[in-house]
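Data block for final_32.cif (mmCIF, C-alpha atoms):
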data_coords
loop_
_atom_site.group_PDB
_atom_site.id
_atom_site.type_symbol
_atom_site.label_atom_id
_atom_site.label_comp_id
_atom_site.auth_asym_id
_atom_site.auth_seq_id
_atom_site.Cartn_x
_atom_site.Cartn_y
_atom_site.Cartn_z
ATOM 1 C CA GLY A 1 -30.423 23.468 3.607
ATOM 2 C CA ALA A 2 -32.438 20.636 2.141
ATOM 3 C CA LEU A 3 -30.866 17.895 4.224
ATOM 4 C CA ALA A 4 -31.159 19.742 7.539
ATOM 5 C CA ASP A 5 -34.780 20.794 6.951
ATOM 6 C CA PRO A 6 -37.155 17.775 6.812
ATOM 7 C CA THR A 7 -39.643 19.594 4.555
ATOM 8 C CA ALA A 8 -36.955 20.747 2.109
ATOM 9 C CA LYS A 9 -35.441 17.251 2.104
ATOM 10 C CA ALA A 10 -38.835 15.682 1.350
ATOM 11 C CA ASP A 11 -39.323 18.159 -1.528
ATOM 12 C CA TRP A 12 -35.856 17.334 -2.871
ATOM 13 C CA ILE A 13 -36.521 13.580 -2.598
ATOM 14 C CA ASP A 14 -39.777 14.075 -4.533
ATOM 15 C CA GLN A 15 -37.861 15.924 -7.276
ATOM 16 C CA ILE A 16 -35.339 13.126 -7.752
ATOM 17 C CA ARG A 17 -37.966 10.377 -7.504
ATOM 18 C CA ALA A 18 -38.579 10.736 -11.272
ATOM 19 C CA LYS A 19 -34.965 9.732 -11.886
ATOM 20 C CA TYR A 20 -34.636 6.846 -9.390
ATOM 21 C CA GLY A 21 -38.252 5.663 -9.138
ATOM 22 C CA GLY A 22 -38.941 3.099 -6.412
ATOM 23 C CA TRP A 23 -35.253 3.004 -5.460
ATOM 24 C CA THR A 24 -35.324 6.586 -4.175
ATOM 25 C CA ASN A 25 -36.419 5.728 -0.616
ATOM 26 C CA VAL A 26 -34.048 2.751 -0.468
ATOM 27 C CA MET A 27 -31.148 4.902 -1.631
ATOM 28 C CA ASP A 28 -32.061 7.614 0.869
ATOM 29 C CA THR A 29 -32.259 5.077 3.709
ATOM 30 C CA LEU A 30 -28.869 3.628 2.744
ATOM 31 C CA GLY A 31 -27.343 7.101 2.742
ATOM 32 C CA VAL A 32 -26.462 7.124 -0.950
ATOM 33 C CA PHE A 33 -27.328 10.819 -1.188
ATOM 34 C CA GLN A 34 -24.981 11.579 1.739
ATOM 35 C CA ILE A 35 -22.184 9.074 1.075
ATOM 36 C CA PHE A 36 -19.527 10.562 3.340
ATOM 37 C CA ASP A 37 -21.904 10.848 6.284
ATOM 38 C CA SER A 38 -23.265 7.302 5.949
ATOM 39 C CA ILE A 39 -22.382 4.758 8.611
ATOM 40 C CA TRP A 40 -21.494 2.077 6.071
ATOM 41 C CA PHE A 41 -18.971 4.395 4.389
ATOM 42 C CA ARG A 42 -17.336 5.137 7.731
ATOM 43 C CA VAL A 43 -17.242 1.431 8.642
ATOM 44 C CA ILE A 44 -15.616 0.546 5.308
ATOM 45 C CA ALA A 45 -13.091 3.404 5.684
ATOM 46 C CA ALA A 46 -12.255 2.312 9.238
ATOM 47 C CA ALA A 47 -11.869 -1.316 8.095
ATOM 48 C CA LEU A 48 -9.532 -0.159 5.318
ATOM 49 C CA VAL A 49 -7.404 1.794 7.804
ATOM 50 C CA ILE A 50 -7.289 -1.075 10.293
ATOM 51 C CA SER A 51 -6.451 -3.769 7.737
ATOM 52 C CA THR A 52 -3.833 -1.668 5.928
ATOM 53 C CA THR A 53 -2.195 -0.727 9.231
ATOM 54 C CA ALA A 54 -2.230 -4.324 10.513
ATOM 55 C CA CYS A 55 -0.767 -5.744 7.295
ATOM 56 C CA SER A 56 1.915 -3.050 7.169
ATOM 57 C CA LEU A 57 2.918 -3.540 10.805
ATOM 58 C CA HIS A 58 3.056 -7.310 10.244
ATOM 59 C CA ARG A 59 5.485 -6.864 7.325
ATOM 60 C CA ILE A 60 7.929 -4.458 9.019
ATOM 61 C CA PRO A 61 10.012 -7.027 10.971
ATOM 62 C CA GLY A 62 10.568 -9.217 7.908
ATOM 63 C CA MET A 63 11.467 -6.270 5.702
ATOM 64 C CA TRP A 64 13.854 -4.946 8.356
ATOM 65 C CA LYS A 65 15.523 -8.328 8.722
ATOM 66 C CA THR A 66 15.906 -8.721 4.965
ATOM 67 C CA ALA A 67 17.317 -5.207 4.622
ATOM 68 C CA THR A 68 19.770 -5.432 7.516
ATOM 69 C CA LYS A 69 20.647 -9.131 7.889
ATOM 70 C CA PRO A 70 19.823 -11.009 4.689
ATOM 71 C CA HIS A 71 19.868 -14.799 4.553
ATOM 72 C CA VAL A 72 23.107 -15.463 2.675
ATOM 73 C CA GLY A 73 23.693 -19.219 2.844
ATOM 74 C CA VAL A 74 20.930 -20.843 0.810
ATOM 75 C CA GLY A 75 20.663 -24.335 -0.578
ATOM 76 C CA GLU A 76 20.816 -25.452 -4.198
ATOM 77 C CA ALA A 77 16.994 -25.656 -4.362
ATOM 78 C CA PHE A 78 16.813 -21.895 -3.919
ATOM 79 C CA PHE A 79 18.701 -21.375 -7.173
ATOM 80 C CA THR A 80 16.825 -24.001 -9.177
ATOM 81 C CA HIS A 81 13.518 -22.301 -8.305
ATOM 82 C CA ALA A 82 14.702 -18.681 -8.488
ATOM 83 C CA PRO A 83 13.108 -16.797 -11.388
ATOM 84 C CA GLN A 84 16.211 -14.627 -11.906
ATOM 85 C CA ARG A 85 19.429 -16.557 -11.771
ATOM 86 C CA ASP A 86 22.641 -16.907 -13.676
ATOM 87 C CA SER A 87 25.933 -18.706 -13.400
ATOM 88 C CA VAL A 88 29.451 -17.631 -14.264
ATOM 89 C CA ARG A 89 32.525 -19.765 -14.822
ATOM 90 C CA LEU A 90 35.831 -18.112 -14.044
ATOM 91 C CA ASP A 91 39.256 -19.561 -14.667
ATOM 92 C CA ALA A 92 40.720 -18.435 -11.363
ATOM 93 C CA ALA A 93 41.283 -19.678 -7.856
ATOM 94 C CA PRO A 94 38.129 -19.445 -5.678
ATOM 95 C CA ALA A 95 39.455 -16.531 -3.602
ATOM 96 C CA ALA A 96 40.482 -14.567 -6.700
ATOM 97 C CA ALA A 97 37.199 -15.351 -8.461
ATOM 98 C CA LEU A 98 35.226 -14.277 -5.401
ATOM 99 C CA GLU A 99 37.094 -10.978 -5.212
ATOM 100 C CA ARG A 100 36.555 -10.285 -8.948
ATOM 101 C CA VAL A 101 32.828 -10.992 -8.772
ATOM 102 C CA ALA A 102 32.375 -9.035 -5.526
ATOM 103 C CA ALA A 103 34.338 -6.100 -6.949
ATOM 104 C CA THR A 104 32.149 -6.084 -10.046
ATOM 105 C CA PHE A 105 29.017 -5.988 -7.895
ATOM 106 C CA ARG A 106 30.425 -3.208 -5.721
ATOM 107 C CA ARG A 107 31.387 -1.209 -8.809
ATOM 108 C CA HIS A 108 27.710 -1.343 -9.827
ATOM 109 C CA HIS A 109 26.615 -0.159 -6.365
ATOM 110 C CA TYR A 110 25.544 -3.514 -4.965
ATOM 111 C CA ARG A 111 25.988 -4.315 -1.319
ATOM 112 C CA THR A 112 27.979 -7.533 -1.038
ATOM 113 C CA ILE A 113 28.170 -9.971 1.852
ATOM 114 C CA VAL A 114 30.428 -13.004 1.906
ATOM 115 C CA GLU A 115 29.962 -15.971 4.232
ATOM 116 C CA ASP A 116 32.196 -19.014 4.344
ATOM 117 C CA ASP A 117 30.823 -22.057 6.166
ATOM 118 C CA GLY A 118 32.912 -24.529 4.208
ATOM 119 C CA VAL A 119 31.134 -23.297 1.088
ATOM 120 C CA ILE A 120 31.659 -19.711 -0.007
ATOM 121 C CA HIS A 121 28.420 -17.746 -0.299
ATOM 122 C CA LEU A 122 28.330 -14.355 -1.996
ATOM 123 C CA TYR A 123 25.220 -12.281 -1.488
ATOM 124 C CA ALA A 124 24.663 -9.090 -3.483
ATOM 125 C CA ASP A 125 21.687 -6.775 -3.460
ATOM 126 C CA ARG A 126 20.847 -3.327 -4.615
ATOM 127 C CA PHE A 127 18.173 -0.949 -3.351
ATOM 128 C CA ARG A 128 17.623 -2.920 -0.164
ATOM 129 C CA TRP A 129 15.412 -0.212 1.305
ATOM 130 C CA ILE A 130 12.952 -0.194 -1.635
ATOM 131 C CA PRO A 131 10.368 -2.426 0.114
ATOM 132 C CA PHE A 132 9.921 0.372 2.636
ATOM 133 C CA ALA A 133 8.642 2.610 -0.186
ATOM 134 C CA GLY A 134 5.584 0.375 -0.427
ATOM 135 C CA LEU A 135 5.175 0.715 3.304
ATOM 136 C CA MET A 136 5.270 4.511 2.965
ATOM 137 C CA ALA A 137 2.632 4.344 0.208
ATOM 138 C CA HIS A 138 0.371 2.313 2.482
ATOM 139 C CA LEU A 139 0.973 4.788 5.292
ATOM 140 C CA ALA A 140 -0.018 7.603 2.929
ATOM 141 C CA ILE A 141 -3.298 5.809 2.157
ATOM 142 C CA VAL A 142 -3.972 5.426 5.880
ATOM 143 C CA VAL A 143 -3.288 9.128 6.503
ATOM 144 C CA ILE A 144 -5.565 10.187 3.626
ATOM 145 C CA VAL A 145 -8.441 7.966 4.765
ATOM 146 C CA LEU A 146 -7.981 9.043 8.391
ATOM 147 C CA GLY A 147 -8.055 12.645 7.182
ATOM 148 C CA ALA A 148 -11.338 11.989 5.393
ATOM 149 C CA ILE A 149 -12.809 10.341 8.495
ATOM 150 C CA VAL A 150 -11.699 13.170 10.798
ATOM 151 C CA GLY A 151 -12.838 15.783 8.276
ATOM 152 C CA ALA A 152 -16.261 14.164 7.971
ATOM 153 C CA ALA A 153 -16.637 13.913 11.741
ATOM 154 C CA PHE A 154 -15.147 17.215 12.896
ATOM 155 C CA GLY A 155 -14.674 19.322 9.753
ATOM 156 C CA PHE A 156 -16.586 22.354 8.564
ATOM 157 C CA HIS A 157 -20.189 21.618 7.599
ATOM 158 C CA ASP A 158 -22.661 24.129 6.216
ATOM 159 C CA PRO A 159 -26.114 22.528 6.355
ATOM 160 C CA ASN A 160 -27.547 25.503 4.444
ATOM 161 C CA PHE A 161 -25.392 24.864 1.389
ATOM 162 C CA MET A 162 -26.596 22.373 -1.155
ATOM 163 C CA LEU A 163 -25.726 22.121 -4.802
ATOM 164 C CA ALA A 164 -28.201 19.913 -6.609
ATOM 165 C CA GLU A 165 -27.293 18.052 -9.776
ATOM 166 C CA GLY A 166 -27.634 20.295 -12.812
ATOM 167 C CA SER A 167 -27.562 23.559 -10.877
ATOM 168 C CA THR A 168 -24.762 26.109 -10.804
#

Would you mind writing the structure in this file as structure tokens?
Amino acid sequence: GALADPTAKADWIDQIRAKYGGWTNVMDTLGVFQIFDSIWFRVIAAALVISTTACSLHRIPGMWKTATKPHVGVGEAFFTHAPQRDSVRLDAAPAAALERVAATFRRHHYRTIVEDDGVIHLYADRFRWIPFAGLMAHLAIVVIVLGAIVGAAFGFHDPNFMLAEGST
């Protein structure tokens, strides 16, 4: 193959020199013609795996806590700054109103949690495990990139096979 044989590689480089001019040797030195075998590609792929893994691992405890033990009793400032909020006025005693609202949430498949610390707090959420889907997507990216790294390092290579641009 052209890349394994220094003479064949030099001939191939001379052929593509017309297209890339003075950049040909620079591109060859940088590994542009062998992207997946270049050290800079492997470093970038490894950095992507490390950073994605670190960020995902950092987020797991917070996501788990939110999914299993959400913060129910929040102050008034939380509601004034919340982008999605609403208020309902019910002509009923607080206990009856709480039960009606909680029942409505449950009927629509919301998980409801009630805390009473002198003020009654009703927490309702739906799809509490959804943030873990993003975590699974990040894990999938890590597995794909690791697969590419392992494949490039230990996979099948045929140095005699080369398909130049424009050939069939």

Set the distance at 7 Å and use all atoms listed in the file: which residues neighbour segment 71-80 of chain A once local chain neighbours fewer than 5 positions away are removed? I'd like the list as an NGL selection string.
:A and (85 or 121 or 123)

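Interatomic distance, atom CA of Val32 of chain A against atom CA of Tyr20 of chain A: 11.8 Å.
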
Which of these residues is nearest to Pro61 of chain A, using only C-alpha atoms: A:Pro131, A:Gly118, A:Pro6, A:Gly22?
A:Pro131

Rank nothing, just name the residue among A:Thr53, A:Ser87, A:Thr104, A:Thr168 nearest to Ala137 of chain A, using only C-alpha atoms.
A:Thr53

Would you compute the distance between atom CA of Leu135 of chain A and atom CA of Thr68 of chain A? Give it in Å to one decimal.
16.4 Å

Distance table requested - segment 84-144 of chain A against segment 148-157 of chain A, cut-off 10 Å, all atoms listed in the file: one row per qualifying residue with the closest atom pair and its distance in Å to one decimal, ordered by chain and rising residue number, as a tab-separated table.
residue	atom	partner	partner_atom	distance
A:Val142	CA	A:Ala148	CA	9.9
A:Val143	CA	A:Ala148	CA	8.6
A:Ile144	CA	A:Ala148	CA	6.3

Could you work out how far atom CA of Lys69 of chain A lies from atom CA of Glu115 of chain A, giving the answer in Å with one decimal?
12.1 Å

As a check of understanding, name the residues that the PyMOL selection byres ((chain A and resi 101) around 12) selects in the supplied structure, as a ChimeraX atom specification.
/A:87-90,92,94-100,102-108,110,112-114,121-124

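Proximity of A:Ile130, A:Leu48, A:Ala82, A:Ala93 to Trp64 of chain A, computed with only C-alpha atoms, is greatest for A:Ile130.
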
For segment 131-138 of chain A, what centre and edge lengths in Å (one decimal) does the axis-aligned box get once 5 Å is added on each side of all its listed atoms, as JSON?
{"center_x": 5.4, "center_y": 1.0, "center_z": 1.4, "size_x": 20.0, "size_y": 16.9, "size_z": 13.7}

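What the PyMOL selection byres ((chain A and resi 45) around 12) grabs from this file is Ile35, Phe36, Asp37, Ser38, Ile39, Trp40, Phe41, Arg42, Val43, Ile44, Ala46, Ala47, Leu48, Val49, Ile50, Ser51, Thr52, Ile141, Val142, Val143, Ile144, Val145, Leu146, Gly147, Ala148, Ile149, Val150 and Ala152 of chain A.
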
For Met63 of chain A, which residue out of A:Met136, A:Arg128, A:Asp116, A:Trp23 is the nearest one, using only C-alpha atoms?
A:Arg128

Surrounding residues of Thr24 of chain A excluding itself and chain neighbours under 3 positions, 12 Å, all atoms listed in the file, as a PyMOL selection string
chain A and resi 10+12-21+27-33

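For the residues A:Asp117, A:Phe161, A:Phe132, A:His81, ranking by smallest atom-to-atom distance to Asp5 of chain A using all atoms listed in the file places A:Phe161 first.
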
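With only C-alpha atoms as the basis for measurement, A:Ala67 is the residue among A:Gly62, A:Ala67, A:Pro83, A:Ser167 that approaches Arg126 of chain A most closely.
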